[in-house]
Each structure stands twice: as C-alpha cells, then as structure tokens.
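Q: For reference, this is final-v2.cif, and it has mmCIF, C-alpha atoms and all ligand atoms.
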```
data_final
#
loop_
_atom_site.label_atom_id
_atom_site.label_comp_id
_atom_site.auth_asym_id
_atom_site.auth_seq_id
_atom_site.Cartn_x
_atom_site.Cartn_y
_atom_site.Cartn_z
CA MET A 1 95.48 138.39 78.94
CA ILE A 2 96.17 134.66 78.94
CA TYR A 3 93.21 134.03 76.65
CA HIS A 4 94.51 136.56 74.12
CA LEU A 5 98.12 135.41 74.39
CA LEU A 6 97.72 131.63 74.26
CA TYR A 7 94.49 130.78 72.43
CA PRO A 8 95.79 132.20 69.09
CA LEU A 9 98.64 129.64 69.36
CA ALA A 10 96.13 126.76 69.45
CA SER A 11 96.69 126.13 65.72
CA GLN A 12 100.35 125.35 66.46
CA ILE A 13 99.96 123.89 69.97
CA GLY A 14 96.74 121.87 70.09
CA ALA A 15 96.61 121.80 73.89
CA PHE A 16 96.04 125.57 73.92
CA ASN A 17 92.63 124.97 72.40
CA VAL A 18 91.47 124.47 76.00
CA PHE A 19 91.65 128.25 76.52
CA ARG A 20 88.58 128.73 74.32
CA TYR A 21 86.37 127.07 76.95
CA ILE A 22 84.62 129.36 79.44
CA THR A 23 84.38 126.52 81.97
CA PHE A 24 88.14 125.95 81.92
CA ARG A 25 88.95 129.66 82.24
CA SER A 26 86.36 130.11 85.02
CA ILE A 27 87.92 127.33 87.09
CA TYR A 28 91.36 128.90 86.69
CA ALA A 29 89.97 132.36 87.45
CA LEU A 30 88.64 130.89 90.71
CA LEU A 31 91.96 129.24 91.54
CA THR A 32 93.95 132.38 90.65
CA ALA A 33 91.77 134.61 92.86
CA LEU A 34 91.86 132.05 95.68
CA VAL A 35 95.67 131.85 95.64
CA LEU A 36 96.03 135.64 95.38
CA THR A 37 93.84 136.30 98.44
CA ILE A 38 95.36 133.55 100.59
CA VAL A 39 98.95 134.45 99.68
CA PHE A 40 98.56 138.24 100.02
CA GLY A 41 96.07 138.13 102.93
CA PRO A 42 98.65 138.41 105.74
CA ALA A 43 100.45 141.29 104.02
CA MET A 44 97.09 143.08 103.51
CA ILE A 45 96.20 142.57 107.19
CA ARG A 46 99.60 143.92 108.26
CA TRP A 47 99.22 146.92 105.91
CA LEU A 48 95.70 147.73 107.16
CA THR A 49 96.86 147.39 110.75
CA LYS A 50 99.82 149.69 110.05
CA LEU A 51 97.38 152.23 108.56
CA LYS A 52 95.40 151.93 111.79
CA CYS A 53 92.28 150.77 109.90
CA GLY A 54 91.03 149.16 113.08
CA GLN A 55 87.27 148.72 113.35
CA TYR A 56 85.48 151.02 115.81
CA ILE A 57 83.01 148.92 117.81
CA ARG A 58 79.77 150.67 118.81
CA GLU A 59 78.80 150.55 122.47
CA ASP A 60 75.18 149.62 121.78
CA GLY A 61 74.11 146.20 120.58
CA PRO A 62 75.66 142.77 121.10
CA GLN A 63 79.00 142.49 122.88
CA HIS A 64 81.61 142.84 120.14
CA GLN A 65 84.16 144.71 122.25
CA CYS A 66 86.63 141.84 121.80
CA LYS A 67 86.65 142.72 118.12
CA GLN A 68 87.82 146.26 118.77
CA GLY A 69 90.69 147.18 116.46
CA THR A 70 90.22 144.30 114.01
CA PRO A 71 91.43 145.75 110.71
CA THR A 72 88.69 146.43 108.19
CA MET A 73 88.67 147.27 104.43
CA GLY A 74 89.90 143.77 103.65
CA GLY A 75 87.51 143.97 100.72
CA LEU A 76 90.32 145.81 98.92
CA LEU A 77 92.15 142.50 98.57
CA VAL A 78 89.00 140.77 97.30
CA GLY A 79 88.60 143.55 94.75
CA LEU A 80 92.18 143.32 93.52
CA ALA A 81 91.93 139.53 93.25
CA VAL A 82 88.62 139.62 91.34
CA VAL A 83 89.77 142.32 88.91
CA GLY A 84 93.24 140.81 88.46
CA SER A 85 91.99 137.29 87.89
CA THR A 86 89.29 138.46 85.47
CA LEU A 87 91.76 140.50 83.42
CA LEU A 88 94.00 137.43 83.31
CA TRP A 89 91.42 134.87 82.19
CA ALA A 90 88.52 136.66 80.47
CA ASP A 91 88.06 137.61 76.81
CA LEU A 92 88.65 141.36 77.20
CA ARG A 93 86.84 142.10 73.92
CA ASN A 94 83.61 141.13 75.68
CA HIS A 95 81.83 144.34 76.79
CA TYR A 96 79.75 142.55 79.46
CA ILE A 97 83.03 141.91 81.29
CA TRP A 98 83.78 145.63 81.33
CA LEU A 99 80.25 146.56 82.38
CA ALA A 100 80.42 144.07 85.28
CA LEU A 101 83.87 145.35 86.33
CA PHE A 102 82.54 148.92 86.15
CA VAL A 103 79.73 148.06 88.57
CA PHE A 104 82.08 146.11 90.86
CA THR A 105 84.72 148.84 91.06
CA GLY A 106 82.16 151.66 91.09
CA PHE A 107 80.28 150.30 94.10
CA GLY A 108 83.64 149.44 95.64
CA ALA A 109 84.75 153.07 95.30
CA VAL A 110 81.60 154.22 97.12
CA GLY A 111 82.34 151.75 99.92
CA PHE A 112 86.00 152.74 100.04
CA ALA A 113 85.08 156.40 100.43
CA ASP A 114 82.75 155.52 103.31
CA ASP A 115 85.35 153.29 104.99
CA TYR A 116 88.13 155.85 104.52
CA ILE A 117 86.13 158.63 106.17
CA LYS A 118 84.99 156.37 109.02
CA VAL A 119 88.12 154.34 109.64
CA VAL A 120 91.10 156.36 108.47
CA LYS A 121 89.73 159.85 109.13
CA LYS A 122 88.12 158.48 112.32
CA ARG A 123 84.82 160.22 111.61
CA ASN A 124 82.22 157.67 112.78
CA LYS A 125 79.50 158.70 110.39
CA GLY A 126 81.32 158.15 107.11
CA LEU A 127 79.57 159.14 103.87
CA SER A 128 76.04 160.46 104.39
CA ALA A 129 73.29 157.99 103.45
CA ARG A 130 72.22 160.44 100.71
CA ALA A 131 75.71 160.72 99.19
CA LYS A 132 76.12 156.94 99.32
CA PHE A 133 72.75 156.40 97.65
CA LEU A 134 73.33 158.99 94.91
CA ALA A 135 76.76 157.54 94.11
CA GLN A 136 75.32 154.03 93.89
CA LEU A 137 72.47 155.39 91.75
CA PHE A 138 74.97 156.90 89.32
CA VAL A 139 77.01 153.69 88.93
CA ALA A 140 73.97 151.42 88.68
CA GLY A 141 72.12 153.85 86.40
CA ALA A 142 75.03 154.12 83.95
CA ALA A 143 75.51 150.34 83.75
CA VAL A 144 71.82 149.43 83.39
CA THR A 145 71.16 152.20 80.84
CA ALA A 146 74.07 150.91 78.73
CA LEU A 147 72.50 147.46 78.93
CA ILE A 148 68.98 148.60 78.01
CA PHE A 149 70.30 150.36 74.89
CA GLU A 150 71.69 147.02 73.70
CA PRO A 151 69.52 145.82 70.78
CA VAL A 152 69.75 142.20 71.98
CA TYR A 153 68.97 142.98 75.63
CA SER A 154 65.35 142.43 76.64
CA THR A 155 63.48 144.42 79.28
CA LYS A 156 61.18 141.45 79.74
CA LEU A 157 61.01 140.04 83.26
CA SER A 158 61.50 136.29 83.72
CA VAL A 159 59.15 135.07 86.45
CA PRO A 160 60.20 131.85 88.19
CA PHE A 161 57.76 128.90 87.67
CA PHE A 162 55.80 130.80 84.99
CA LYS A 163 57.10 129.74 81.58
CA TYR A 164 54.80 131.92 79.51
CA PHE A 165 54.30 134.91 81.82
CA VAL A 166 57.11 137.25 80.75
CA PRO A 167 55.94 140.86 81.21
CA ASP A 168 57.88 143.54 79.29
CA LEU A 169 58.63 146.39 81.71
CA GLY A 170 59.88 148.70 78.96
CA TRP A 171 61.58 151.75 80.48
CA PHE A 172 60.18 150.79 83.89
CA TYR A 173 62.87 148.12 83.80
CA LEU A 174 65.45 150.84 84.59
CA PRO A 175 64.12 151.77 88.07
CA PHE A 176 63.40 148.09 88.72
CA ALA A 177 67.01 147.11 87.91
CA LEU A 178 68.30 150.00 90.04
CA VAL A 179 66.39 148.59 93.01
CA VAL A 180 67.96 145.17 92.32
CA LEU A 181 71.53 146.47 92.21
CA ILE A 182 71.31 148.95 95.10
CA GLY A 183 69.16 146.61 97.20
CA SER A 184 71.60 143.74 96.69
CA SER A 185 74.59 145.92 97.51
CA ASN A 186 73.08 147.22 100.76
CA GLY A 187 71.70 143.81 101.66
CA VAL A 188 75.22 142.36 101.72
CA ASN A 189 76.35 145.41 103.67
CA LEU A 190 73.71 144.93 106.38
CA THR A 191 74.51 141.22 106.60
CA ASP A 192 78.20 141.86 107.18
CA GLY A 193 77.87 141.98 110.97
CA LEU A 194 79.40 138.64 112.09
CA ASP A 195 82.64 136.85 111.12
CA GLY A 196 82.16 135.28 107.67
CA LEU A 197 78.42 135.90 107.71
CA ALA A 198 78.34 137.95 104.50
CA ILE A 199 81.12 136.29 102.53
CA GLY A 200 79.68 132.77 102.85
CA PRO A 201 76.33 133.50 101.17
CA THR A 202 78.16 135.75 98.66
CA VAL A 203 80.31 132.81 97.55
CA VAL A 204 77.20 130.61 97.32
CA ALA A 205 75.38 133.25 95.26
CA ALA A 206 78.37 133.79 92.95
CA ALA A 207 78.64 130.03 92.32
CA THR A 208 74.90 129.83 91.62
CA PHE A 209 74.93 132.77 89.22
CA ALA A 210 77.95 131.24 87.47
CA ILE A 211 75.58 128.44 86.42
CA PHE A 212 72.78 130.81 85.46
CA VAL A 213 74.98 133.18 83.43
CA TYR A 214 76.76 130.33 81.67
CA ALA A 215 73.40 128.84 80.68
CA ALA A 216 72.08 132.24 79.52
CA GLY A 217 75.09 132.66 77.26
CA HIS A 218 74.79 129.17 75.73
CA ALA A 219 72.15 129.07 72.97
CA GLY A 220 71.52 125.34 73.24
CA ILE A 221 71.22 125.25 77.03
CA ALA A 222 69.11 128.43 77.14
CA ASP A 223 66.75 126.96 74.58
CA TYR A 224 66.54 123.61 76.40
CA LEU A 225 65.82 125.33 79.75
CA ASN A 226 63.59 127.91 78.08
CA ILE A 227 65.48 130.84 79.66
CA ALA A 228 66.50 134.15 78.09
CA HIS A 229 69.56 133.86 75.82
CA LEU A 230 72.03 136.75 75.61
CA PRO A 231 74.91 136.01 73.20
CA GLY A 232 78.29 136.69 74.85
CA VAL A 233 77.01 136.97 78.42
CA GLY A 234 78.49 133.55 79.24
CA GLU A 235 81.92 135.19 79.52
CA VAL A 236 80.74 136.73 82.83
CA THR A 237 81.00 133.19 84.28
CA ILE A 238 84.68 134.01 84.65
CA ILE A 239 83.97 136.95 86.96
CA CYS A 240 81.68 134.67 89.01
CA GLY A 241 84.54 132.18 89.29
CA ALA A 242 86.94 134.92 90.37
CA LEU A 243 84.43 136.11 93.00
CA VAL A 244 84.01 132.56 94.36
CA GLY A 245 87.78 132.16 94.60
CA ALA A 246 88.44 135.58 96.13
CA GLY A 247 85.55 135.07 98.56
CA LEU A 248 86.90 131.71 99.74
CA GLY A 249 90.37 133.22 100.08
CA PHE A 250 88.97 136.13 102.11
CA LEU A 251 87.00 133.68 104.26
CA TRP A 252 90.34 132.06 105.15
CA TYR A 253 91.04 135.17 107.25
CA ASN A 254 87.49 136.39 107.95
CA ALA A 255 86.38 133.08 109.46
CA TYR A 256 85.55 133.22 113.17
CA PRO A 257 87.47 134.65 114.98
CA ALA A 258 88.08 137.12 112.15
CA GLN A 259 91.53 138.58 111.55
CA VAL A 260 90.04 141.14 109.12
CA PHE A 261 86.65 142.58 108.12
CA MET A 262 85.73 143.33 104.51
CA GLY A 263 84.51 146.89 105.06
CA ASP A 264 81.94 148.67 102.90
CA VAL A 265 84.48 148.49 100.07
CA GLY A 266 83.90 144.75 100.06
CA SER A 267 80.21 144.44 100.91
CA LEU A 268 78.96 147.12 98.52
CA SER A 269 81.12 145.95 95.59
CA MET A 270 80.25 142.27 95.92
CA GLY A 271 76.57 142.96 96.50
CA GLY A 272 76.39 145.34 93.55
CA LEU A 273 78.10 142.81 91.30
CA LEU A 274 75.72 140.01 92.31
CA GLY A 275 72.77 142.29 91.57
CA PHE A 276 74.16 143.24 88.16
CA ILE A 277 74.87 139.63 87.21
CA SER A 278 71.27 138.69 88.08
CA VAL A 279 70.16 141.46 85.67
CA LEU A 280 72.59 140.29 82.98
CA CYS A 281 71.28 136.70 83.00
CA LYS A 282 67.62 137.82 83.42
CA GLN A 283 67.21 136.09 86.78
CA GLU A 284 66.45 139.24 88.78
CA LEU A 285 63.56 137.77 90.77
CA LEU A 286 65.55 134.62 91.57
CA LEU A 287 68.10 136.85 93.32
CA VAL A 288 65.53 137.07 96.11
CA LEU A 289 66.01 133.31 96.62
CA VAL A 290 69.70 133.00 95.79
CA GLY A 291 70.43 135.97 98.08
CA GLY A 292 67.74 134.96 100.57
CA VAL A 293 69.96 135.57 103.58
CA PHE A 294 70.53 139.17 102.45
CA VAL A 295 66.78 139.57 101.90
CA PHE A 296 65.89 138.24 105.37
CA GLU A 297 68.46 140.51 106.99
CA THR A 298 67.21 143.59 105.13
CA LEU A 299 63.55 142.77 105.79
CA SER A 300 64.30 142.38 109.52
CA VAL A 301 65.66 145.93 109.58
CA ILE A 302 62.72 147.35 107.60
CA LEU A 303 60.22 145.60 109.90
CA GLN A 304 62.11 146.61 113.06
CA VAL A 305 62.40 150.28 112.12
CA GLY A 306 58.81 150.43 110.84
CA TYR A 307 57.37 148.75 113.92
CA PHE A 308 59.52 150.95 116.19
CA LYS A 309 58.13 154.09 114.56
CA VAL A 310 54.51 152.89 114.47
CA THR A 311 54.46 151.69 118.09
CA GLY A 312 56.54 154.55 119.45
CA GLY A 313 59.51 152.48 120.55
CA LYS A 314 58.55 148.79 120.58
CA ARG A 315 60.71 146.22 118.82
CA ILE A 316 59.86 142.99 116.95
CA PHE A 317 63.41 141.64 117.25
CA ARG A 318 65.77 142.04 120.17
CA MET A 319 68.09 143.74 117.70
CA ALA A 320 68.13 144.01 113.91
CA PRO A 321 69.52 142.80 111.55
CA LEU A 322 68.37 139.26 112.25
CA HIS A 323 71.80 137.87 113.14
CA HIS A 324 71.97 140.25 116.12
CA HIS A 325 68.57 139.01 117.33
CA PHE A 326 69.92 135.47 117.64
CA GLU A 327 73.11 136.85 119.23
CA MET A 328 71.06 138.69 121.85
CA LYS A 329 69.19 135.41 122.51
CA GLY A 330 72.52 133.81 123.42
CA VAL A 331 73.14 131.76 120.27
CA PRO A 332 76.94 131.52 119.80
CA GLU A 333 78.28 133.60 116.89
CA SER A 334 79.80 130.65 115.03
CA LYS A 335 76.52 128.73 115.22
CA ILE A 336 74.55 131.66 113.75
CA ILE A 337 77.06 131.98 110.92
CA ILE A 338 77.10 128.31 109.93
CA ARG A 339 73.29 128.07 110.10
CA PHE A 340 72.95 131.14 107.81
CA TRP A 341 75.41 129.49 105.40
CA ILE A 342 73.31 126.31 105.39
CA LEU A 343 70.18 128.34 104.66
CA SER A 344 71.92 130.15 101.78
CA ILE A 345 72.97 126.81 100.22
CA LEU A 346 69.42 125.47 100.63
CA MET A 347 67.90 128.52 98.94
CA ALA A 348 70.47 128.47 96.13
CA LEU A 349 69.59 124.83 95.37
CA MET A 350 65.89 125.73 95.38
CA ALA A 351 66.63 128.56 92.93
CA LEU A 352 68.50 126.19 90.62
CA SER A 353 65.61 123.71 90.79
CA THR A 354 63.28 126.35 89.31
CA LEU A 355 65.13 125.96 86.02
CA LYS A 356 63.26 122.69 85.59
CA LEU A 357 60.07 123.74 87.39
CA ARG A 358 58.61 125.97 84.70
C1 LIG B 401 76.79 147.55 108.19
N1 LIG B 401 78.27 146.89 109.93
C2 LIG B 401 78.52 146.12 111.14
C3 LIG B 401 82.77 145.96 109.31
C4 LIG B 401 82.15 145.37 108.06
C5 LIG B 401 69.87 150.89 110.02
C6 LIG B 401 70.74 149.93 110.77
C7 LIG B 401 70.24 148.53 110.63
C8 LIG B 401 72.18 150.04 110.21
C9 LIG B 401 73.10 148.99 110.78
C10 LIG B 401 74.52 149.30 110.37
O1 LIG B 401 75.20 150.06 110.97
N2 LIG B 401 74.94 148.63 109.30
C11 LIG B 401 76.28 148.86 108.77
C12 LIG B 401 77.00 146.59 109.32
C13 LIG B 401 79.97 146.33 111.60
O2 LIG B 401 80.80 145.82 110.54
C14 LIG B 401 81.61 146.77 109.87
O3 LIG B 401 80.87 147.25 108.72
C15 LIG B 401 81.39 146.58 107.55
C16 LIG B 401 80.27 146.20 106.63
N3 LIG B 401 79.65 147.36 106.12
O4 LIG B 401 83.09 144.91 107.13
O5 LIG B 401 83.85 146.79 108.95
C17 LIG B 401 80.21 145.49 112.85
O6 LIG B 401 79.87 144.14 112.57
C18 LIG B 401 80.76 143.26 113.23
N4 LIG B 401 81.43 142.41 112.24
C19 LIG B 401 81.95 141.21 112.68
N5 LIG B 401 82.56 140.39 111.77
C20 LIG B 401 82.68 140.73 110.44
O7 LIG B 401 83.25 139.91 109.64
O8 LIG B 401 81.86 140.88 113.86
C21 LIG B 401 81.52 142.78 110.94
C22 LIG B 401 82.12 141.96 110.01
C23 LIG B 401 81.67 145.46 113.25
C24 LIG B 401 81.76 144.14 114.00
O9 LIG B 401 81.30 144.34 115.31
O10 LIG B 401 81.95 146.59 114.04
C25 LIG B 401 77.53 146.56 112.23
O11 LIG B 401 76.88 145.68 112.82
O12 LIG B 401 77.45 147.78 112.43
N6 LIG B 401 73.05 148.96 112.22
C26 LIG B 401 73.25 147.81 112.84
O13 LIG B 401 73.47 146.77 112.26
C27 LIG B 401 73.04 147.87 114.34
N7 LIG B 401 71.63 147.58 114.53
C28 LIG B 401 70.76 148.50 115.02
O14 LIG B 401 71.12 149.60 115.36
N8 LIG B 401 69.46 148.08 115.09
C29 LIG B 401 68.40 148.95 115.60
C30 LIG B 401 67.62 149.63 114.47
C31 LIG B 401 68.43 150.69 113.79
C32 LIG B 401 67.19 148.61 113.43
C33 LIG B 401 67.43 148.10 116.40
O15 LIG B 401 67.40 146.89 116.19
O16 LIG B 401 66.67 148.68 117.19
C34 LIG B 401 73.88 146.82 115.00
N9 LIG B 401 75.26 147.07 114.72
C35 LIG B 401 76.08 147.59 115.67
N10 LIG B 401 75.66 147.88 116.86
N11 LIG B 401 77.38 147.78 115.33
C36 LIG B 401 73.56 146.72 116.44
C37 LIG B 401 74.27 147.79 117.23
#
```
Kindly return the structure encoded in the file as structure tokens.
A:
Amino acid sequence: MIYHLLYPLASQIGAFNVFRYITFRSIYALLTALVLTIVFGPAMIRWLTKLKCGQYIREDGPQHQCKQGTPTMGGLLVGLAVVGSTLLWADLRNHYIWLALFVFTGFGAVGFADDYIKVVKKRNKGLSARAKFLAQLFVAGAAVTALIFEPVYSTKLSVPFFKYFVPDLGWFYLPFALVVLIGSSNGVNLTDGLDGLAIGPTVVAAATFAIFVYAAGHAGIADYLNIAHLPGVGEVTIICGALVGAGLGFLWYNAYPAQVFMGDVGSLSMGGLLGFISVLCKQELLLVLVGGVFVFETLSVILQVGYFKVTGGKRIFRMAPLHHHFEMKGVPESKIIIRFWILSILMALMALSTLKLR
C-alpha cells in the first residue's frame, strides 16, 4: 500500500523517491514485521492459551514434560506479520509477490488444519500424512505450474560451481520443484522440535535468499555474477525481509525456554515459502546448503527409519531427528540450538561464496 500511496507523490515531494528502492522497502518490511510480532506476541500467547492450544507432549523420546501445555500455533502471528508487512511495502502489481503469498498461506492453511485437529479438537493424529501431502502437492503444483508457463521463466537448473553446466529439465522441472517445496516445508517441520531450533535457521535462510532473489532480479548484478535473471523477481526481497523480521520477533518468545511454539501452521508455511523462493531465483540446489540444518534433520530421520526397517529394530541415532540424538546424549537443549544456528550461518555463508566460485 505505502509504495502505491507515496511513490506517485515523489514528483512533488522528492524524499518519497526512496520508496522506489527495493532495499529500502525490504528493510522497512523487516522492521514492520519485527514490531508487529513483538508487540502482538503476548496477546497472541494469551489468546492461544485461552483457546487451550496447549502442546501435547508425547511420552516417548526426550524429557519434554516440562513443556506440557506450552501454547502452539504461534505461527499464526508470523503469518499475519509476513502477509501484513508485505502488503504494506511491496509493489502489489508484481505477480511474483502474489505467487509467493499463495504458497505461504496455502502451506500455512495445511499446517493450520493439522494443528487445529491435533490441538483444538484434541485428536493426537491430526491430518493424515496422505491428506497433508496431497494438499501440499496441490498448492505447490499450482504455483510451480503458473511459474513454468511464464515465457521468461527457465526450467534450466543452475548447478553451483559449474558455470556452463545448466541442464534444461523441461517438464521434469515440475516434479523436481515439487520435491523442493514439499521437502523444504517438511524439513522445517521436522526440525521444529526444540525451542528456537527451526526459526533460527529459517531467519538465516530468508536473509540469504533475500540476497539471491535481489541479485536475480537485478540485470546488472545477475550478469556480473553470471546467474539467471528474472525481471521483476527482485520484489520478492520484500517478502524475505518480512520473514526475517517476523522470525526474529517470533524468536523473542520462542527462545529457550519457549513461551510459544510455532505449530505446523508456522513450520509448513515458512518452509514452503523458502522452497518457492529458491525456485524463483533459480538457486534450488543451493537450498540444500542454505537450509543445511533442515537437510541434516530430514536425512537423520530417513536413515533412522530405513536402518530400523532393514535391521529389524536397530537404530543409528539414539533418537531422530538429529537434535533429539544430542538431547539423549545429555547435551543441554540451549547448547544444541545455538550450535545448530552457528552451523546454519556457516552453511549460508558458504552458499553465498558460491556466487563467486563458478
Ligand atoms: C514435527 N514436532 C515436535 C510443536 C511445533 C517420522 C518422525 C520423525 C516424525 C516426528 C514428528 O512427530 N515430527 C513432527 C516435530 C513437537 O513440536 C510440535 O510440532 C510443531 C512443529 N510441527 O511447533 O507444536 C515437540 O517438539 C518440542 N518443541 C520444543 N520447542 C519448540 O519450539 O521443545 C517444539 C517446538 C513439542 C515439544 O516437545 O511437543 C516433535 O518432536 O514431535 N517424530 C519425532 O520427531 C519423534 N521422533 C521419533 O519418533 N523418532 C523415531 C523414528 C520415528 C525416527 C526414532 O528415532 O526411532 C520425536 N518427537 C517426539 N517424541 N515428540 C521423539 C519422540
């Protein structure tokens, strides 16, 4: 809104010319989302507590009984802050903004349905894995198909470190992109098992993809870095800024010891959005590095379940996902969290360095 209201006045009030800059609007989208989540956090926690959205703690696994009753579905506040701040600061004529918001809210709706059944209706199972997957497939499929039909969008795959190896996947790009979006969404979901463990790397990934998507939308920078250029995609930097701000604001209350959990409404929406942004800026494979923590956590589950089935009951880890393994080894929760954050920052910097190593 602000962009459309104030930038047209730049001819009369020169200072308003600043609203044309994506960098300026992204910073203020971050600050707006940060303030919204910090200011409305307590009210959201009170509301969720009043609705008895307390987390059920499973008996098996690491001792989390002290967390019993912590309100969950705090991802609703993150969602409102991201959408509100984006609508305030983005150029709403840009269709990539609407595609990204569609993915964010679509995956969020799937997570909300799961949370609502589990937490409000007190049915422990929530949405069936099949229903959850099909709903995610629909949202991701609609968004990626819309993208592929864009004349300017390329189904070529950028491969880190290989400047001239850019295979065109053609229509195979659709299933590939679906794996990216759904894998990213569920990777964040699996990681969300300790206070602040998922939101920290999510903020790091959003900040990293803000740089990638800004560069992809800027013809001069894209040419200099020899990365794919997609005119107009730079506007999505504003959503990245909003996600960084909302994530930091949520962390204010989700930091150990957490006053609120994000719920599937938060983990699925933020993970799906990160996956879609990596597809938008043609850095799909780099998501493996930028979201390395999510990848490690997911791989630990795949290896654990696979090994369990093959060996008839043996385990590689004491408990999967990986964060529970360290918990079961006696590493304090806050130490696991901070170390995972450090690893996510390290991997994000390595991903950014590949822009020059090609
Ligand atoms: C998502 N949810 C947390 C909270 C959060 C296949 C198997 C690997 C599935 C996996 C699973 O259930 N994943 C679901 C992880 C849960 O957090 C809630 O879920 C939302 C995210 N979707 O927002 O509402 C618990 O995590 C803790 N938590 C915090 N702080 C936070 O900020 O402490 C969450 C957020 C919360 C709270 O205790 O209740 C979760 O862990 O379930 N299953 C598991 O992760 C289980 N692992 C397991 O069964 N491993 C097996 C096999 C299947 C691989 C094995 O290793 O042999 C663990 N989780 C639980 N108990 N709860 C271990 C057992």
Q: Pick the closest to Ile221 of chain A from A:Thr70, A:Ile337, A:Gly234, A:Gly291: which is it, counting all atoms listed in the file?
A: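 Between A:Thr70, A:Ile337, A:Gly234, A:Gly291, the residue approaching Ile221 of chain A most closely is A:Gly234.
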Q: Do a neighbour search on Asp168 of chain A at 7 Å with all atoms listed in the file, toss out local chain neighbours closer than 6 positions, and write the hits as a list in words.
A: Thr155, Lys156 and Leu157 of chain A
Q: Please compute the atom CA of Phe276 of chain A-atom CA of Val295 of chain A distance, one decimal, in Å.
A: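 Interatomic distance here is 16.0 Å.
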Q: Show me, as a ChimeraX atom specification, the residues that have an atom within 10 Å of Gly193 of chain A when counting only C-alpha atoms, minus same-chain residues fewer than 2 positions from it.
A: /A:64,188-191,195-198,261,321-324
Q: I'd like the contact shell of Tyr3 of chain A - 7 Å cut-off, all atoms listed in the file, skipping same-chain residues fewer than 2 positions apart - returned as a PyMOL selection string.
A: chain A and resi 1+5-7+19+89-91
Q: How many Å separate atom CA of Leu230 of chain A from atom CA of Gly217 of chain A?
A: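 Separation of atom CA of Leu230 of chain A and atom CA of Gly217 of chain A: 5.4 Å.
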Q: Quick one: residues within 7 Å of segment 126-140 of chain A, all atoms listed in the file counted, chain neighbours fewer than 4 positions away excluded, as an mmCIF file with C-alpha atoms, in the frame of the given file?
A:
```
data_model
loop_
_atom_site.group_PDB
_atom_site.id
_atom_site.type_symbol
_atom_site.label_atom_id
_atom_site.label_comp_id
_atom_site.auth_asym_id
_atom_site.auth_seq_id
_atom_site.Cartn_x
_atom_site.Cartn_y
_atom_site.Cartn_z
ATOM 1 C CA VAL A 103 79.730 148.060 88.570
ATOM 2 C CA GLY A 106 82.160 151.660 91.090
ATOM 3 C CA PHE A 107 80.280 150.300 94.100
ATOM 4 C CA VAL A 110 81.600 154.220 97.120
ATOM 5 C CA ASP A 114 82.750 155.520 103.310
ATOM 6 C CA ASP A 115 85.350 153.290 104.990
ATOM 7 C CA ILE A 117 86.130 158.630 106.170
ATOM 8 C CA LYS A 118 84.990 156.370 109.020
ATOM 9 C CA VAL A 144 71.820 149.430 83.390
ATOM 10 C CA LEU A 178 68.300 150.000 90.040
ATOM 11 C CA LEU A 181 71.530 146.470 92.210
ATOM 12 C CA ILE A 182 71.310 148.950 95.100
#
```
Q: When the cut-off is 7 Å and you count only C-alpha atoms and all ligand atoms, which residues lie near ligand LIG 401 (chain B), shown as number ranges by chain?
A: A: 55-62, 64, 67, 72-73, 189-197, 254, 258, 260-264, 267, 301, 304-305, 315, 317-321, 324
Q: Please list as a compact mmCIF listing (two decimals) with C-alpha atoms, in the coordinates of the input every residue within 8 Å of segment 354-356 of chain A, counting all atoms listed in the file and excluding residues in the same chain fewer than 5 positions away.
A:
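And here is the file that came out, part.txt:
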```
# COMPACT_ATOMS: atom_id res chain seq x y z
CA PRO A 160 60.20 131.85 88.19
CA PHE A 161 57.76 128.90 87.67
CA LEU A 225 65.82 125.33 79.75
```
Q: Looking at A:Thr237, A:Asn124, A:Gln68, A:Thr86, which one is nearest to Ala33 of chain A, with distances taken over only C-alpha atoms?
A: A:Thr86
